[in-house]
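Raw contents of model.txt, compact mmCIF, C-alpha atoms:
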```
# COMPACT_ATOMS: atom_id res chain seq x y z
CA MET C 1 13.54 17.07 -11.50
CA PRO C 2 9.87 18.02 -11.22
CA SER C 3 8.90 20.97 -9.10
CA LYS C 4 7.84 20.18 -5.56
CA THR C 5 4.70 21.06 -3.67
CA LEU C 6 4.99 20.67 0.08
CA LYS C 7 1.95 19.23 1.81
CA THR C 8 1.50 20.02 5.49
CA THR C 9 -1.20 19.76 8.10
CA THR C 10 -1.54 21.14 11.58
CA ALA C 11 -2.29 19.44 14.88
CA GLY C 12 -5.92 18.80 15.53
CA ALA C 13 -6.97 18.85 11.87
CA VAL C 14 -10.25 17.11 11.27
CA LEU C 15 -10.91 14.97 8.24
CA ALA C 16 -13.99 15.24 6.09
CA LEU C 17 -16.70 12.67 6.60
CA GLY C 18 -16.11 12.50 10.32
CA LEU C 19 -12.66 10.89 10.27
CA LEU C 20 -10.67 12.33 13.14
CA ALA C 21 -7.15 13.43 12.29
CA SER C 22 -5.61 14.93 15.39
CA GLN C 23 -2.14 14.83 13.95
CA PRO C 24 1.11 16.70 14.49
CA ALA C 25 2.68 18.98 11.93
CA HIS C 26 4.90 17.27 9.40
CA ALA C 27 8.03 19.30 10.05
CA VAL C 28 11.26 17.35 10.23
CA SER C 29 14.46 18.60 11.76
CA ASN C 30 16.87 20.13 9.26
CA SER C 31 19.39 17.37 9.80
CA SER C 32 22.21 16.74 7.34
CA ASN C 33 22.69 13.25 8.80
CA SER C 34 23.96 11.08 5.97
CA GLU C 35 21.67 8.26 7.11
CA ALA C 36 18.54 10.26 6.32
CA PHE C 37 16.87 9.00 3.13
CA THR C 38 13.81 9.37 0.92
CA PHE C 39 11.49 6.97 -0.86
CA GLY C 40 8.62 7.40 -3.29
CA VAL C 41 5.12 5.91 -3.37
CA ILE C 42 2.58 5.67 -6.19
CA GLY C 43 -0.64 3.70 -6.55
CA ASP C 44 -3.70 3.15 -8.71
CA ILE C 45 -1.74 4.03 -11.84
CA PRO C 46 -1.98 3.82 -14.82
CA TYR C 47 -5.76 4.00 -15.32
CA GLY C 48 -7.00 3.98 -18.92
CA ASP C 49 -5.40 4.56 -22.30
CA ALA C 50 -4.37 8.18 -21.75
CA GLU C 51 -2.58 7.40 -18.50
CA ILE C 52 -1.04 4.24 -19.93
CA ALA C 53 0.50 6.40 -22.64
CA LYS C 54 1.90 8.78 -20.01
CA PHE C 55 3.21 6.05 -17.71
CA PRO C 56 6.73 5.81 -19.21
CA ALA C 57 7.17 9.56 -18.69
CA ARG C 58 5.87 9.26 -15.14
CA ILE C 59 8.50 6.62 -14.45
CA GLN C 60 11.21 8.85 -15.89
CA ASP C 61 10.11 11.67 -13.59
CA ILE C 62 10.57 9.33 -10.63
CA ASN C 63 13.90 8.11 -11.99
CA ALA C 64 15.04 11.74 -12.13
CA ASP C 65 14.60 11.95 -8.36
CA GLN C 66 17.98 10.35 -7.83
CA ASP C 67 17.94 10.60 -4.04
CA LEU C 68 15.15 8.04 -3.66
CA GLU C 69 16.25 4.89 -1.84
CA PHE C 70 13.38 2.89 -3.34
CA VAL C 71 9.87 3.26 -4.79
CA THR C 72 6.68 1.41 -3.85
CA HIS C 73 3.64 0.88 -6.08
CA VAL C 74 0.77 0.08 -3.72
CA GLY C 75 -1.31 -1.71 -6.33
CA ASP C 76 -3.89 -1.29 -9.08
CA ILE C 77 -1.89 -1.22 -12.31
CA LYS C 78 -5.13 -0.87 -14.32
CA ASN C 79 -8.61 0.50 -13.90
CA GLY C 80 -11.56 -1.64 -12.84
CA SER C 81 -13.26 -1.87 -16.23
CA SER C 82 -10.48 -3.11 -18.52
CA VAL C 83 -9.33 -6.62 -19.44
CA CYS C 84 -6.92 -8.42 -17.10
CA SER C 85 -4.93 -9.90 -19.98
CA ASP C 86 -1.53 -11.58 -20.00
CA GLU C 87 -0.47 -9.00 -22.57
CA TYR C 88 -1.34 -6.12 -20.29
CA PHE C 89 0.54 -7.65 -17.37
CA ALA C 90 3.58 -8.16 -19.60
CA ASN C 91 3.43 -4.54 -20.78
CA ILE C 92 3.36 -3.20 -17.23
CA ARG C 93 6.22 -5.51 -16.24
CA THR C 94 8.22 -4.07 -19.14
CA GLN C 95 7.49 -0.58 -17.85
CA PHE C 96 8.38 -1.57 -14.29
CA ASP C 97 11.73 -2.84 -15.54
CA THR C 98 12.62 0.73 -16.56
CA PHE C 99 12.61 1.93 -12.94
CA GLU C 100 16.16 2.87 -11.97
CA HIS C 101 15.38 2.64 -8.25
CA PRO C 102 14.39 -0.58 -6.48
CA LEU C 103 10.64 -1.02 -7.03
CA VAL C 104 8.45 -2.78 -4.48
CA PHE C 105 5.04 -3.73 -5.92
CA THR C 106 2.03 -5.14 -4.11
CA PRO C 107 -0.91 -6.26 -6.28
CA GLY C 108 -4.19 -4.38 -6.24
CA ASP C 109 -7.73 -5.69 -6.59
CA ASN C 110 -8.15 -4.35 -10.15
CA GLU C 111 -5.55 -6.79 -11.47
CA TRP C 112 -6.94 -9.95 -9.89
CA VAL C 113 -9.79 -9.68 -7.35
CA ASP C 114 -12.14 -7.87 -9.73
CA CYS C 115 -11.11 -9.74 -12.89
CA HIS C 116 -14.27 -11.89 -12.65
CA ARG C 117 -16.16 -8.94 -14.13
CA THR C 118 -17.38 -9.43 -17.67
CA ASN C 119 -15.62 -6.29 -18.92
CA ASN C 120 -12.41 -7.55 -17.27
CA GLY C 121 -12.54 -10.83 -19.19
CA ALA C 122 -14.52 -12.99 -16.73
CA TYR C 123 -11.35 -14.58 -15.35
CA ASN C 124 -11.10 -16.70 -12.23
CA PRO C 125 -9.43 -14.21 -9.85
CA LEU C 126 -7.21 -16.88 -8.32
CA GLU C 127 -5.83 -17.78 -11.74
CA ARG C 128 -5.04 -14.10 -12.31
CA LEU C 129 -3.28 -13.90 -8.94
CA ASP C 130 -1.14 -16.86 -9.96
CA LYS C 131 -0.31 -15.08 -13.23
CA LEU C 132 0.64 -11.88 -11.38
CA ARG C 133 3.02 -13.86 -9.21
CA GLU C 134 4.52 -15.47 -12.30
CA VAL C 135 4.99 -12.15 -14.11
CA PHE C 136 5.99 -9.78 -11.29
CA PHE C 137 7.45 -12.01 -8.58
CA ASN C 138 9.53 -14.44 -10.61
CA GLU C 139 12.59 -13.67 -8.48
CA PRO C 140 11.40 -13.74 -4.87
CA GLY C 141 13.61 -11.83 -2.50
CA LYS C 142 14.55 -9.23 -5.12
CA THR C 143 12.78 -6.00 -5.99
CA LEU C 144 11.79 -5.01 -9.50
CA GLY C 145 13.78 -2.21 -11.11
CA ALA C 146 17.15 -1.97 -9.39
CA THR C 147 17.84 -4.91 -7.11
CA MET C 148 17.32 -4.54 -3.38
CA PRO C 149 17.13 -7.65 -1.19
CA VAL C 150 13.88 -8.14 0.71
CA LYS C 151 12.54 -10.84 2.99
CA THR C 152 9.49 -12.53 1.45
CA GLN C 153 6.72 -14.96 2.39
CA GLU C 154 7.52 -17.13 -0.59
CA ASP C 155 7.58 -20.16 1.72
CA VAL C 156 3.82 -19.82 2.25
CA GLY C 157 3.08 -18.92 -1.37
CA LEU C 158 3.05 -15.13 -1.05
CA PRO C 159 6.25 -13.82 -2.66
CA GLU C 160 4.60 -10.39 -2.92
CA ASN C 161 4.59 -9.91 0.88
CA VAL C 162 7.97 -8.39 1.69
CA ARG C 163 9.84 -6.86 4.60
CA PHE C 164 13.03 -4.81 4.80
CA THR C 165 14.73 -2.29 7.07
CA GLU C 166 16.46 1.00 6.28
CA ASN C 167 18.24 3.02 8.98
CA ARG C 168 16.19 1.52 11.83
CA VAL C 169 12.84 1.94 10.08
CA ALA C 170 10.97 -1.32 9.47
CA PHE C 171 8.97 -1.60 6.23
CA SER C 172 6.28 -4.23 5.68
CA VAL C 173 4.39 -4.44 2.35
CA LEU C 174 1.29 -6.63 2.42
CA ASN C 175 -1.21 -8.11 -0.04
CA ILE C 176 -4.41 -6.73 1.51
CA GLN C 177 -7.16 -6.05 -0.99
CA GLY C 178 -10.11 -3.81 -1.64
CA SER C 179 -13.51 -5.42 -2.28
CA ASN C 180 -13.58 -6.31 1.44
CA ASN C 181 -10.22 -8.06 1.16
CA SER C 182 -11.60 -10.15 -1.75
CA LEU C 183 -14.70 -11.43 0.05
CA GLN C 184 -17.18 -9.90 -2.40
CA PRO C 185 -18.82 -12.51 -4.70
CA TRP C 186 -17.48 -13.20 -8.17
CA THR C 187 -20.65 -12.01 -9.86
CA GLY C 188 -19.07 -12.00 -13.31
CA LEU C 189 -18.76 -15.77 -12.98
CA GLY C 190 -22.36 -16.10 -11.83
CA GLU C 191 -21.60 -16.39 -8.11
CA THR C 192 -23.81 -14.75 -5.49
CA THR C 193 -21.73 -15.69 -2.45
CA ALA C 194 -18.03 -16.29 -1.88
CA THR C 195 -16.91 -19.69 -3.15
CA PRO C 196 -15.02 -22.23 -0.99
CA GLU C 197 -11.79 -21.67 -2.96
CA GLN C 198 -12.21 -17.92 -2.58
CA LEU C 199 -12.70 -18.20 1.18
CA ALA C 200 -9.69 -20.49 1.49
CA GLU C 201 -7.49 -17.98 -0.33
CA VAL C 202 -8.68 -15.09 1.83
CA GLU C 203 -8.04 -17.07 5.00
CA ALA C 204 -4.54 -18.11 3.95
CA ARG C 205 -3.59 -14.62 2.77
CA THR C 206 -5.00 -12.99 5.91
CA ASP C 207 -3.12 -15.44 8.14
CA ALA C 208 0.08 -14.63 6.25
CA ALA C 209 -0.54 -10.90 6.64
CA LEU C 210 -1.11 -11.29 10.37
CA GLU C 211 2.09 -13.29 10.69
CA GLN C 212 4.07 -10.68 8.80
CA ILE C 213 2.59 -7.76 10.76
CA ARG C 214 3.43 -9.40 14.07
CA GLY C 215 6.88 -10.42 12.88
CA THR C 216 7.59 -6.91 11.64
CA PHE C 217 6.77 -5.39 15.01
CA ALA C 218 8.62 -8.09 16.96
CA ASP C 219 11.78 -7.53 14.95
CA ALA C 220 11.40 -3.75 15.16
CA GLU C 221 11.10 -3.98 18.94
CA ARG C 222 14.13 -6.24 19.17
CA ARG C 223 16.24 -3.88 17.05
CA ASN C 224 14.94 -0.77 18.79
CA ASP C 225 13.75 0.59 15.45
CA ARG C 226 12.55 4.18 15.21
CA ALA C 227 9.33 3.49 13.29
CA VAL C 228 7.27 0.85 11.50
CA VAL C 229 5.82 1.54 8.04
CA LEU C 230 3.03 -0.70 6.71
CA MET C 231 1.97 -0.50 3.06
CA THR C 232 -1.16 -1.98 1.46
CA GLN C 233 -3.42 -1.51 -1.54
CA ALA C 234 -6.63 -1.62 0.50
CA ASP C 235 -7.97 1.49 2.15
CA MET C 236 -9.40 -0.10 5.27
CA PHE C 237 -10.72 3.33 6.31
CA ASP C 238 -12.14 4.49 2.99
CA PRO C 239 -14.14 7.67 3.70
CA SER C 240 -16.53 6.87 0.85
CA LEU C 241 -17.53 3.67 2.71
CA LEU C 242 -17.91 5.23 6.15
CA ALA C 243 -21.68 5.69 6.07
CA ALA C 244 -22.32 2.20 4.70
CA ALA C 245 -19.86 0.64 7.16
CA THR C 246 -21.46 2.47 10.07
CA ALA C 247 -24.83 1.05 9.06
CA ASN C 248 -23.41 -2.43 8.41
CA PRO C 249 -19.89 -3.14 9.72
CA GLU C 250 -19.91 -6.52 7.97
CA ILE C 251 -19.02 -4.85 4.69
CA MET C 252 -15.54 -4.37 6.25
CA SER C 253 -15.36 -7.83 7.83
CA GLY C 254 -12.43 -8.92 5.66
CA PHE C 255 -10.21 -6.36 7.39
CA ARG C 256 -11.30 -6.98 10.98
CA GLU C 257 -8.50 -9.31 12.08
CA ILE C 258 -5.88 -7.20 10.32
CA VAL C 259 -7.05 -3.96 11.93
CA ALA C 260 -7.13 -5.68 15.33
CA ALA C 261 -3.51 -6.79 14.88
CA ILE C 262 -2.42 -3.32 13.79
CA VAL C 263 -4.12 -1.77 16.83
CA GLU C 264 -2.55 -4.27 19.23
CA GLU C 265 0.94 -3.95 17.78
CA THR C 266 0.78 -0.17 17.45
CA ASN C 267 -0.27 0.25 21.06
CA SER C 268 2.55 -1.95 22.32
CA PHE C 269 5.25 -0.35 20.13
CA ASP C 270 6.96 2.65 21.66
CA ALA C 271 7.56 4.53 18.41
CA PRO C 272 5.53 5.93 15.49
CA VAL C 273 3.61 3.63 13.14
CA TYR C 274 2.70 4.69 9.61
CA LEU C 275 0.20 3.10 7.22
CA ILE C 276 0.51 3.99 3.51
CA ASN C 277 -2.23 2.83 1.14
CA GLY C 278 -3.91 3.45 -2.18
CA ASP C 279 -7.37 2.23 -3.26
CA SER C 280 -9.54 5.29 -2.55
CA HIS C 281 -7.71 7.56 -5.04
CA VAL C 282 -7.74 10.79 -3.00
CA PHE C 283 -4.69 11.96 -1.06
CA ALA C 284 -5.34 11.94 2.67
CA GLU C 285 -3.32 12.13 5.87
CA ASN C 286 -5.05 11.25 9.11
CA GLN C 287 -5.24 9.09 12.19
CA PRO C 288 -8.16 6.78 11.40
CA LEU C 289 -7.96 4.94 14.74
CA ALA C 290 -7.52 7.96 16.99
CA ALA C 291 -9.81 8.34 19.99
CA GLY C 292 -13.29 9.32 18.85
CA SER C 293 -12.95 7.97 15.31
CA PRO C 294 -16.09 6.22 14.02
CA TRP C 295 -13.88 3.44 12.65
CA LEU C 296 -13.22 2.24 16.19
CA GLU C 297 -16.83 1.19 16.60
CA ILE C 298 -16.99 -0.28 13.11
CA TYR C 299 -14.01 -2.52 13.85
CA GLY C 300 -14.74 -2.98 17.56
CA GLN C 301 -11.30 -1.78 18.59
CA PRO C 302 -9.73 0.54 21.17
CA ALA C 303 -7.97 3.67 19.98
CA ALA C 304 -4.50 3.53 18.45
CA ASP C 305 -3.47 7.18 18.56
CA ASN C 306 0.06 6.40 17.40
CA LEU C 307 -1.03 5.26 13.92
CA GLN C 308 -0.60 7.83 11.14
CA ARG C 309 -2.13 6.98 7.74
CA VAL C 310 -1.30 8.44 4.32
CA THR C 311 -3.38 7.64 1.21
CA VAL C 312 -1.71 8.39 -2.12
CA ASP C 313 -3.54 9.91 -5.07
CA GLY C 314 -4.76 7.50 -7.72
CA SER C 315 -6.83 7.15 -10.89
CA ALA C 316 -7.50 10.61 -12.37
CA ASN C 317 -5.76 12.14 -9.34
CA ALA C 318 -2.51 10.26 -9.99
CA THR C 319 -0.72 13.36 -11.23
CA ASN C 320 2.03 13.11 -8.62
CA TYR C 321 4.06 10.74 -6.53
CA VAL C 322 4.52 11.11 -2.79
CA ARG C 323 8.08 11.54 -1.61
CA PHE C 324 8.62 10.42 1.97
CA SER C 325 11.65 11.69 3.87
CA VAL C 326 13.07 9.72 6.76
CA ALA C 327 14.98 11.78 9.29
CA GLY C 328 18.49 10.80 10.24
CA ASN C 329 19.25 9.20 13.58
CA SER C 330 20.53 12.46 15.02
CA ALA C 331 17.45 14.48 14.05
CA VAL C 332 15.89 16.27 17.00
CA GLY C 333 12.42 17.73 17.38
CA GLY C 334 10.67 16.21 14.38
CA LEU C 335 8.83 13.12 13.25
CA VAL C 336 10.61 10.16 11.73
CA LEU C 337 8.69 10.54 8.45
CA SER C 338 7.60 13.60 6.54
CA TRP C 339 6.06 13.69 3.08
CA GLU C 340 5.32 15.90 0.10
CA LYS C 341 3.43 15.51 -3.16
CA VAL C 342 5.72 15.87 -6.18
CA PRO C 343 3.83 16.72 -9.38
CA PHE C 344 4.68 14.83 -12.56
CA SER C 345 6.15 17.02 -15.27
CA SER C 346 3.30 16.43 -17.72
```
Represent the supplied structure as structure tokens.
Amino acid sequence: MPSKTLKTTTAGAVLALGLLASQPAHAVSNSSNSEAFTFGVIGDIPYGDAEIAKFPARIQDINADQDLEFVTHVGDIKNGSSVCSDEYFANIRTQFDTFEHPLVFTPGDNEWVDCHRTNNGAYNPLERLDKLREVFFNEPGKTLGATMPVKTQEDVGLPENVRFTENRVAFSVLNIQGSNNSLQPWTGLGETTATPEQLAEVEARTDAALEQIRGTFADAERRNDRAVVLMTQADMFDPSLLAAATANPEIMSGFREIVAAIVEETNSFDAPVYLINGDSHVFAENQPLAAGSPWLEIYGQPAADNLQRVTVDGSANATNYVRFSVAGNSAVGGLVLSWEKVPFSS
């Protein structure tokens, strides 16, 4: 198994670029409760030929972590300047099939939203999304890799949106995209504004995400779950976009309804809420909607102090996976989730 590097923060830490991160330490009680478990998360990998060549070894490193209950890939299986070909999708599916743990995958913008770009092949992004669903979600209700049953939104055409529960922790994995949730124009196809078909897709997908978020919290409340974990590709609080979003909040308009729902549900849920995302490529742990955060004004929302966000490393930084540990039911004095970056072996 690869060596481990523990990542911790202290209460009251402040993020760069003005993001407030008044967060508790990540210590978890040393419980031997057999219902404690771990899961792994990667995203924005593999990027480019060198990383594609390393990807099989990366998967084997994760497979060697035999205690993982499941693994999630939070999207972007290619970089933003390479062709979105059927052959590439098939190759990644072949690699995904070598995972020995259940693998939950949510698509990223690089493999469909941005495929209109000339250097991506000038595809219609909606056609590429259909192809992704054909290649990666051909058995709705089952994970890739080892089989784990999940509840999907196949009935509304989104088999990639899944929910499941492990030891009273509710997981909800959602197709929420970068590029302002796919509202940016398809310039590679000669468009200067969003097309009607593009807007219709965004509306339908956003409505489905809102339904799943609310359903996840409603079920978690009914079951008296200990935490809710949301996972997306999009970094809705990307620090590199903070200045531009402060000047013009409309560049984040595609996330507004989703953030509002997360705030409302988090504030009415009497337990921790975690958001795990990729997209911005730099590991971060913070509370982007804590009191005083500039994102509150950008999204026009009240504070949601109970939301903890973790961004996984990606692109050139994707030299590790993040192992999340979920405390057992009898754990005392710690958070439900803790996490550590586990370096790949090469």
Exercise for review: For range 67-83 of chain C, please output as a PyMOL selection string all residues within 6 Å (counting all atoms listed in the file; exclusion window: fewer than 5 positions along the same chain).
Suggested key: chain C and resi 38-47+101-108+110+119-121+232-233+278
Exercise for review: Could you pull out every residue with an atom within 9 Å of (12.3, -8.1, 1.4), file coordinates, counting all atoms listed in the file, and send them as a ChimeraX atom specification?
Suggested key: /C:104,140-143,148-153,161-165,171-173
Point to revise | d(CA of Asp279 in chain C, CA of Gly178 in chain C) in Å | key: 6.8 Å
**Study point:** Of the listed residues C:Ile213, C:Leu307, C:Pro196, C:Asn180, that which approaches Ala245 in chain C most closely, counting all atoms listed in the file
**Key:**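 Selected residue with least distance to Ala245 in chain C: C:Asn180.
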Point to revise | Contact residues around Arg133 in chain C with only C-alpha atoms at 8 Å, ignoring same-chain residues under 4 positions, as a list in words | key: Leu129, Phe137, Asn138, Pro159 and Glu160 of chain C
Exercise for review: Figure out the distance between CA of Thr193 in chain C and CA of Asp86 in chain C, please, to one decimal in Å.
Suggested key: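 So the two atoms, CA of Asp86 in chain C and CA of Thr193 in chain C, lie 27.1 Å apart.
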Practice item. Tell me which of C:Ala36, C:Ala209, C:Ala220, C:Leu126 sits closest to Asn167 in chain C, counting all atoms listed in the file. Key: C:Ala36
Exercise for review: Could you tell me how far CA of Ala291 in chain C lies from CA of Ala260 in chain C, in Å and to one decimal?
Suggested key: 15.0 Å
Point to revise | Gln177 in chain C surroundings by all atoms listed in the file, 6 Å radius, close-in-sequence under 4 positions cut, as number ranges by chain | key: C: 109, 181, 233-234
Review point. Which residue gives the smallest distance to Thr246 in chain C among C:Leu335, C:Ala303, C:Leu296, C:Val113, with all atoms listed in the file counted?
Key: C:Leu296
Practice item. Considering all atoms listed in the file, state which residue in the set C:Val229, C:Ile92, C:Val169, C:Leu189 is at the smallest distance from Cys115 in chain C. Key: C:Leu189
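Distances from C:Asn124, C:Asn317, C:Ser182, C:Thr98 to Ala146 in chain C were compared using all atoms listed in the file, and the smallest one belongs to C:Thr98.
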Practice item. Compare C:Val202, C:Val312, C:Val228, C:Leu242 by their minimum atom-to-atom distance to Asn277 in chain C, counting only C-alpha atoms, and give me the closest one. Key: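 Closest to Asn277 in chain C of all the choices is C:Val312.
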